[in-house]
Amino acid sequence: MDLRPASARPGEQQVTTADAFRDVYGTGPDGTWAAPGRVNLIGEHTDYNDGFVMPFALPHTAIASVARRDDGLLRLHSGQAEGGVVEVRLDGEPAKGWAAYPAGVVWALRDAGHAVGGADIHYDSTVPTGAGLSSSAALEIVTALALNDLYDLGLQRWQLARLCQRAENVYVGAPTGIMDQTASACCTAGHALYLDTRDLSQHQIPFDLAARGLRLLVVDTQVKHAHSEGEYGKRRRGCEDAAAALGVDALRDVPYEGLDEALARLEDEEQRRLVRHVVTEDQRVERVVALLEADDVRAIGPVLTEGHTSLRDDFRVSCPELDLVVATANDAGALGARMTGGGFGGSAIILVDDASADKIADAVTAAFASGGFREPRVFVAVPSAGAVRLE
């Protein structure tokens, strides 16, 4: 199996995207921007509980070539979507399907008082869709960054992330937290982003696995998920109800040392499961930060596996394919593994020694074949840069 680090080749993609823009719209773009997908190292379903997360950006990116318009028309085209150009009147009916994500960004900007008059946009993306790697956040952030530049809005990266989250929550109707958009906008190469989702304070934590003879594999199970459908929203509402029952603003306010006491106050078993996961997951993020700052990278492996067990048993957002990845990888000698992203499909991550990467990847692929599952996509995750203007 070829486990060379995946690259979006942004320079080549830039030319392709700009040329495609000319083919679609008949003129050249005003500029080209890129925003990455992300992997979350640890801290799952904590962001909408005001907790801690630790994502890093992937080299896989959404690229947008954009030209400004001032006639209230948004025209959208994607190299990954069928159906040609989608036209959205900014004072008309909301967009549907994939176009709702960039159209929602324009809506959020205008709703916040920013004078965005429209745009022509062509997208090309190497971020796998439905894999829990934040393809939608990459699409949102690349749109927001382009419009911020073209309309001289002067917004900071964290502000763009907030507006993109609002677009996804309100316009699209997906009750996601702030992590994905912040990671796409703010990550730096060679680091993981330790983010406090309550006040958006950020710390870039060095995360150079190659220098320590390690790799982090991403296994895309090819099982698709949709955040705007039922179960994700159900978990979020359950967390909010549990926080209300405990008399706190968010589950982040339940201290790890007081977890047993908090659980004893809850009568509902499902609420107890949700609380236990969120509180222990926040504590796992802090443990991983401490280990990385102590340069003890190998020791984070068991913490990753603990996180998967909690997501599987307490939060109940795993699936047979994700569980198979984790079990197979750990049996084959991985340092640790867990599902990443919202769950119900998507991807898992595996921390491995460089020398054992191919053996473990092959073991996972063989296990999927034996289980009758679709062949997974396996690649090396390299902590990469956040959103940027290319030209």
# chains A, B, ... in the order shown; residues from 1 in each chain; ligands from 1
>>> residues_around(residues="A:Gly51", least_positions_apart="2", cutoff="10 Å", atoms="only C-alpha atoms", output="PyMOL selection string")
chain A and resi 43-49+53+195-199+250-253+278-279+281-283+285
>>> residues_around(residues="A:Gly346", least_positions_apart="2", cutoff="7 Å", atoms="only C-alpha atoms", output="MDAnalysis selection string")
chainID A and resid 130:132 220:225 343:344
>>> closest_residue(among="A:Val382, A:Val388, A:Ala332, A:Ala189", to="A:Thr143", atoms="only C-alpha atoms")
A:Val388
>>> atom_distance(atom1="atom CA of A:Gly177", atom2="atom CA of A:Val254")
18.7 Å
>>> residues_around(residues="A:Val105", least_positions_apart="6", cutoff="8 Å", atoms="only C-alpha atoms", output="JSON, numbers by chain")
{"A": [140, 143, 144, 163, 164, 167]}
>>> write_last_selection(atoms="N, CA, C and O atoms", output="PDB file, in the first residue's frame")
ATOM      1  N   GLU A 140     -16.813  26.575   3.309  1.00  0.00           N
ATOM      2  CA  GLU A 140     -17.270  27.819   3.934  1.00  0.00           C
ATOM      3  C   GLU A 140     -16.125  28.815   4.134  1.00  0.00           C
ATOM      4  O   GLU A 140     -16.240  29.997   3.805  1.00  0.00           O
ATOM      5  N   THR A 143     -14.699  30.442   1.004  1.00  0.00           N
ATOM      6  CA  THR A 143     -15.636  31.457   0.520  1.00  0.00           C
ATOM      7  C   THR A 143     -15.538  32.728   1.357  1.00  0.00           C
ATOM      8  O   THR A 143     -15.455  33.844   0.829  1.00  0.00           O
ATOM      9  N   ALA A 144     -15.538  32.562   2.670  1.00  0.00           N
ATOM     10  CA  ALA A 144     -15.486  33.723   3.564  1.00  0.00           C
ATOM     11  C   ALA A 144     -14.186  34.503   3.407  1.00  0.00           C
ATOM     12  O   ALA A 144     -14.190  35.743   3.381  1.00  0.00           O
ATOM     13  N   LEU A 163     -18.768  33.363  11.795  1.00  0.00           N
ATOM     14  CA  LEU A 163     -19.802  33.608  10.792  1.00  0.00           C
ATOM     15  C   LEU A 163     -20.085  32.349   9.983  1.00  0.00           C
ATOM     16  O   LEU A 163     -21.240  32.059   9.640  1.00  0.00           O
ATOM     17  N   CYS A 164     -19.041  31.582   9.689  1.00  0.00           N
ATOM     18  CA  CYS A 164     -19.252  30.335   8.948  1.00  0.00           C
ATOM     19  C   CYS A 164     -20.002  29.305   9.787  1.00  0.00           C
ATOM     20  O   CYS A 164     -20.845  28.564   9.268  1.00  0.00           O
ATOM     21  N   ALA A 167     -23.557  30.279   9.581  1.00  0.00           N
ATOM     22  CA  ALA A 167     -24.110  29.886   8.288  1.00  0.00           C
ATOM     23  C   ALA A 167     -24.532  28.428   8.301  1.00  0.00           C
ATOM     24  O   ALA A 167     -25.617  28.069   7.827  1.00  0.00           O
TER      25      ALA A 167
END
>>> closest_residue(among="A:Leu390, A:Thr188, A:Thr16, A:Lys234", to="A:Thr32", atoms="only C-alpha atoms")
A:Leu390
>>> closest_residue(among="A:Tyr232, A:Tyr101, A:Trp33, A:Phe52", to="A:Arg389", atoms="only C-alpha atoms")
A:Trp33
>>> residues_around(residues="A:Ala211", least_positions_apart="5", cutoff="12 Å", atoms="only C-alpha atoms", output="list in words")
Gly190, Pro206, Asp295, Val297, Asp353, Asp354 and Val382 of chain A
>>> residues_around(residues="A:Ile121", least_positions_apart="5", cutoff="7 Å", atoms="only C-alpha atoms", output="PDB file with C-alpha atoms, in the first residue's frame")
ATOM      1  CA  ALA A  64     -11.983  28.825  -4.931  1.00  0.00           C
ATOM      2  CA  SER A  65     -11.404  31.160  -7.854  1.00  0.00           C
ATOM      3  CA  VAL A  66     -13.656  34.165  -7.300  1.00  0.00           C
ATOM      4  CA  ALA A  67     -14.763  37.346  -9.042  1.00  0.00           C
ATOM      5  CA  ARG A  75     -23.184  32.156  -9.100  1.00  0.00           C
ATOM      6  CA  LEU A  76     -21.598  28.939  -7.865  1.00  0.00           C
ATOM      7  CA  HIS A  77     -19.933  26.093  -9.742  1.00  0.00           C
TER       8      HIS A  77
END
>>> residues_around(residues="stretch 92-99 of chain A", least_positions_apart="3", cutoff="9 Å", atoms="only C-alpha atoms", output="mmCIF file with C-alpha atoms, in the first residue's frame")
data_model
loop_
_atom_site.group_PDB
_atom_site.id
_atom_site.type_symbol
_atom_site.label_atom_id
_atom_site.label_comp_id
_atom_site.auth_asym_id
_atom_site.auth_seq_id
_atom_site.Cartn_x
_atom_site.Cartn_y
_atom_site.Cartn_z
ATOM 1 C CA LEU A 76 -21.598 28.939 -7.865
ATOM 2 C CA HIS A 77 -19.933 26.093 -9.742
ATOM 3 C CA SER A 78 -18.030 23.067 -8.457
ATOM 4 C CA ALA A 81 -20.866 18.567 -8.335
ATOM 5 C CA VAL A 86 -26.142 27.348 -9.385
ATOM 6 C CA GLU A 87 -27.571 30.877 -9.325
ATOM 7 C CA VAL A 88 -28.737 32.362 -6.019
ATOM 8 C CA ARG A 89 -30.395 35.781 -5.693
ATOM 9 C CA PRO A 102 -21.211 28.974 0.400
ATOM 10 C CA ALA A 103 -24.571 30.731 -0.006
ATOM 11 C CA GLY A 104 -24.994 30.523 3.761
ATOM 12 C CA SER A 136 -18.095 21.666 4.352
ATOM 13 C CA TYR A 171 -28.831 28.642 6.950
ATOM 14 C CA VAL A 172 -27.891 24.979 6.348
#
>>> residues_around(residues="A:Met54", least_positions_apart="2", cutoff="7 Å", atoms="only C-alpha atoms", output="mmCIF file with C-alpha atoms, in the first residue's frame")
data_model
loop_
_atom_site.group_PDB
_atom_site.id
_atom_site.type_symbol
_atom_site.label_atom_id
_atom_site.label_comp_id
_atom_site.auth_asym_id
_atom_site.auth_seq_id
_atom_site.Cartn_x
_atom_site.Cartn_y
_atom_site.Cartn_z
ATOM 1 C CA ASN A 40 -9.308 16.208 14.996
ATOM 2 C CA LEU A 41 -6.587 14.608 17.089
ATOM 3 C CA ILE A 42 -8.651 14.585 20.288
ATOM 4 C CA GLY A 43 -11.692 16.410 21.667
ATOM 5 C CA PHE A 56 -4.879 20.126 12.765
ATOM 6 C CA ALA A 192 -2.066 20.974 16.289
ATOM 7 C CA LEU A 193 -4.450 23.716 17.413
ATOM 8 C CA TYR A 194 -5.382 23.624 21.105
ATOM 9 C CA LEU A 195 -8.628 25.583 21.069
ATOM 10 C CA VAL A 285 -7.505 16.903 25.509
#
>>> select_by_dssp(residues="stretch 84-170 of chain A", states="helix (DSSP H, G or I)", output="count of residues only")
45
>>> select_by_dssp(residues="stretch 199-251 of chain A", states="strand (DSSP E or B)", output="PyMOL selection string")
chain A and resi 202-206+214-220
>>> decode(residues="stretch 289-304 of chain A", atoms="all heavy atoms", output="PDB file, in the first residue's frame")
ATOM      1  N   VAL A 289      -2.329  17.532  25.447  1.00  0.00           N
ATOM      2  CA  VAL A 289      -1.544  18.768  25.398  1.00  0.00           C
ATOM      3  C   VAL A 289      -0.318  18.647  26.298  1.00  0.00           C
ATOM      4  O   VAL A 289       0.813  18.979  25.894  1.00  0.00           O
ATOM      5  CB  VAL A 289      -2.397  19.981  25.812  1.00  0.00           C
ATOM      6  CG1 VAL A 289      -1.516  21.216  26.004  1.00  0.00           C
ATOM      7  CG2 VAL A 289      -3.470  20.254  24.778  1.00  0.00           C
ATOM      8  N   ALA A 290      -0.503  18.159  27.514  1.00  0.00           N
ATOM      9  CA  ALA A 290       0.608  18.028  28.449  1.00  0.00           C
ATOM     10  C   ALA A 290       1.664  17.060  27.918  1.00  0.00           C
ATOM     11  O   ALA A 290       2.882  17.312  28.041  1.00  0.00           O
ATOM     12  CB  ALA A 290       0.100  17.565  29.812  1.00  0.00           C
ATOM     13  N   LEU A 291       1.237  15.966  27.320  1.00  0.00           N
ATOM     14  CA  LEU A 291       2.185  14.991  26.779  1.00  0.00           C
ATOM     15  C   LEU A 291       2.964  15.557  25.599  1.00  0.00           C
ATOM     16  O   LEU A 291       4.179  15.356  25.492  1.00  0.00           O
ATOM     17  CB  LEU A 291       1.440  13.716  26.368  1.00  0.00           C
ATOM     18  CG  LEU A 291       0.894  12.869  27.520  1.00  0.00           C
ATOM     19  CD1 LEU A 291      -0.063  11.809  26.997  1.00  0.00           C
ATOM     20  CD2 LEU A 291       2.047  12.225  28.302  1.00  0.00           C
ATOM     21  N   LEU A 292       2.288  16.265  24.722  1.00  0.00           N
ATOM     22  CA  LEU A 292       2.986  16.850  23.582  1.00  0.00           C
ATOM     23  C   LEU A 292       3.964  17.933  24.029  1.00  0.00           C
ATOM     24  O   LEU A 292       5.071  18.046  23.487  1.00  0.00           O
ATOM     25  CB  LEU A 292       1.977  17.420  22.588  1.00  0.00           C
ATOM     26  CG  LEU A 292       1.108  16.402  21.853  1.00  0.00           C
ATOM     27  CD1 LEU A 292       0.152  17.105  20.887  1.00  0.00           C
ATOM     28  CD2 LEU A 292       1.955  15.376  21.105  1.00  0.00           C
ATOM     29  N   GLU A 293       3.559  18.729  24.990  1.00  0.00           N
ATOM     30  CA  GLU A 293       4.461  19.773  25.481  1.00  0.00           C
ATOM     31  C   GLU A 293       5.669  19.166  26.202  1.00  0.00           C
ATOM     32  O   GLU A 293       6.737  19.785  26.242  1.00  0.00           O
ATOM     33  CB  GLU A 293       3.706  20.722  26.407  1.00  0.00           C
ATOM     34  CG  GLU A 293       2.719  21.615  25.645  1.00  0.00           C
ATOM     35  CD  GLU A 293       1.987  22.584  26.544  1.00  0.00           C
ATOM     36  OE1 GLU A 293       1.839  22.277  27.751  1.00  0.00           O
ATOM     37  OE2 GLU A 293       1.552  23.648  26.050  1.00  0.00           O
ATOM     38  N   ALA A 294       5.513  17.948  26.733  1.00  0.00           N
ATOM     39  CA  ALA A 294       6.630  17.238  27.366  1.00  0.00           C
ATOM     40  C   ALA A 294       7.410  16.410  26.349  1.00  0.00           C
ATOM     41  O   ALA A 294       8.333  15.673  26.722  1.00  0.00           O
ATOM     42  CB  ALA A 294       6.115  16.342  28.486  1.00  0.00           C
ATOM     43  N   ASP A 295       7.048  16.507  25.068  1.00  0.00           N
ATOM     44  CA  ASP A 295       7.695  15.766  23.977  1.00  0.00           C
ATOM     45  C   ASP A 295       7.590  14.253  24.179  1.00  0.00           C
ATOM     46  O   ASP A 295       8.499  13.497  23.821  1.00  0.00           O
ATOM     47  CB  ASP A 295       9.158  16.176  23.827  1.00  0.00           C
ATOM     48  CG  ASP A 295       9.711  15.820  22.450  1.00  0.00           C
ATOM     49  OD1 ASP A 295       8.909  15.666  21.507  1.00  0.00           O
ATOM     50  OD2 ASP A 295      10.946  15.672  22.312  1.00  0.00           O
ATOM     51  N   ASP A 296       6.471  13.811  24.738  1.00  0.00           N
ATOM     52  CA  ASP A 296       6.214  12.380  24.921  1.00  0.00           C
ATOM     53  C   ASP A 296       5.085  11.975  23.975  1.00  0.00           C
ATOM     54  O   ASP A 296       3.988  11.611  24.410  1.00  0.00           O
ATOM     55  CB  ASP A 296       5.851  12.104  26.381  1.00  0.00           C
ATOM     56  CG  ASP A 296       5.872  10.620  26.722  1.00  0.00           C
ATOM     57  OD1 ASP A 296       6.218   9.814  25.829  1.00  0.00           O
ATOM     58  OD2 ASP A 296       5.547  10.274  27.869  1.00  0.00           O
ATOM     59  N   VAL A 297       5.358  12.061  22.680  1.00  0.00           N
ATOM     60  CA  VAL A 297       4.308  11.890  21.683  1.00  0.00           C
ATOM     61  C   VAL A 297       3.738  10.483  21.693  1.00  0.00           C
ATOM     62  O   VAL A 297       2.524  10.284  21.549  1.00  0.00           O
ATOM     63  CB  VAL A 297       4.839  12.244  20.276  1.00  0.00           C
ATOM     64  CG1 VAL A 297       3.724  12.154  19.247  1.00  0.00           C
ATOM     65  CG2 VAL A 297       5.444  13.634  20.271  1.00  0.00           C
ATOM     66  N   ARG A 298       4.588   9.484  21.854  1.00  0.00           N
ATOM     67  CA  ARG A 298       4.120   8.096  21.819  1.00  0.00           C
ATOM     68  C   ARG A 298       3.051   7.834  22.885  1.00  0.00           C
ATOM     69  O   ARG A 298       2.152   7.021  22.681  1.00  0.00           O
ATOM     70  CB  ARG A 298       5.295   7.133  22.019  1.00  0.00           C
ATOM     71  CG  ARG A 298       6.344   7.189  20.914  1.00  0.00           C
ATOM     72  CD  ARG A 298       7.543   6.298  21.268  1.00  0.00           C
ATOM     73  NE  ARG A 298       7.152   4.905  21.337  1.00  0.00           N
ATOM     74  CZ  ARG A 298       7.128   4.069  20.305  1.00  0.00           C
ATOM     75  NH1 ARG A 298       7.464   4.508  19.095  1.00  0.00           N
ATOM     76  NH2 ARG A 298       6.767   2.822  20.447  1.00  0.00           N
ATOM     77  N   ALA A 299       3.147   8.539  24.000  1.00  0.00           N
ATOM     78  CA  ALA A 299       2.231   8.284  25.114  1.00  0.00           C
ATOM     79  C   ALA A 299       0.810   8.759  24.840  1.00  0.00           C
ATOM     80  O   ALA A 299      -0.108   8.423  25.604  1.00  0.00           O
ATOM     81  CB  ALA A 299       2.764   8.939  26.384  1.00  0.00           C
ATOM     82  N   ILE A 300       0.583   9.517  23.757  1.00  0.00           N
ATOM     83  CA  ILE A 300      -0.792   9.936  23.484  1.00  0.00           C
ATOM     84  C   ILE A 300      -1.614   8.797  22.888  1.00  0.00           C
ATOM     85  O   ILE A 300      -2.847   8.873  22.875  1.00  0.00           O
ATOM     86  CB  ILE A 300      -0.858  11.166  22.560  1.00  0.00           C
ATOM     87  CG1 ILE A 300      -0.519  10.801  21.106  1.00  0.00           C
ATOM     88  CG2 ILE A 300       0.022  12.291  23.082  1.00  0.00           C
ATOM     89  CD1 ILE A 300      -0.756  11.926  20.116  1.00  0.00           C
ATOM     90  N   GLY A 301      -0.950   7.737  22.405  1.00  0.00           N
ATOM     91  CA  GLY A 301      -1.677   6.647  21.751  1.00  0.00           C
ATOM     92  C   GLY A 301      -2.788   6.054  22.605  1.00  0.00           C
ATOM     93  O   GLY A 301      -3.941   5.961  22.156  1.00  0.00           O
ATOM     94  N   PRO A 302      -2.496   5.615  23.848  1.00  0.00           N
ATOM     95  CA  PRO A 302      -3.575   5.059  24.681  1.00  0.00           C
ATOM     96  C   PRO A 302      -4.693   6.050  24.967  1.00  0.00           C
ATOM     97  O   PRO A 302      -5.847   5.651  25.138  1.00  0.00           O
ATOM     98  CB  PRO A 302      -2.834   4.674  25.969  1.00  0.00           C
ATOM     99  CG  PRO A 302      -1.417   4.447  25.544  1.00  0.00           C
ATOM    100  CD  PRO A 302      -1.172   5.455  24.468  1.00  0.00           C
ATOM    101  N   VAL A 303      -4.370   7.347  25.001  1.00  0.00           N
ATOM    102  CA  VAL A 303      -5.411   8.346  25.232  1.00  0.00           C
ATOM    103  C   VAL A 303      -6.364   8.390  24.039  1.00  0.00           C
ATOM    104  O   VAL A 303      -7.586   8.546  24.204  1.00  0.00           O
ATOM    105  CB  VAL A 303      -4.789   9.733  25.493  1.00  0.00           C
ATOM    106  CG1 VAL A 303      -5.881  10.727  25.898  1.00  0.00           C
ATOM    107  CG2 VAL A 303      -3.722   9.658  26.569  1.00  0.00           C
ATOM    108  N   LEU A 304      -5.822   8.254  22.834  1.00  0.00           N
ATOM    109  CA  LEU A 304      -6.685   8.195  21.652  1.00  0.00           C
ATOM    110  C   LEU A 304      -7.639   7.013  21.744  1.00  0.00           C
ATOM    111  O   LEU A 304      -8.845   7.154  21.463  1.00  0.00           O
ATOM    112  CB  LEU A 304      -5.837   8.093  20.378  1.00  0.00           C
ATOM    113  CG  LEU A 304      -4.811   9.191  20.112  1.00  0.00           C
ATOM    114  CD1 LEU A 304      -4.114   8.946  18.775  1.00  0.00           C
ATOM    115  CD2 LEU A 304      -5.455  10.563  20.137  1.00  0.00           C
TER     116      LEU A 304
END
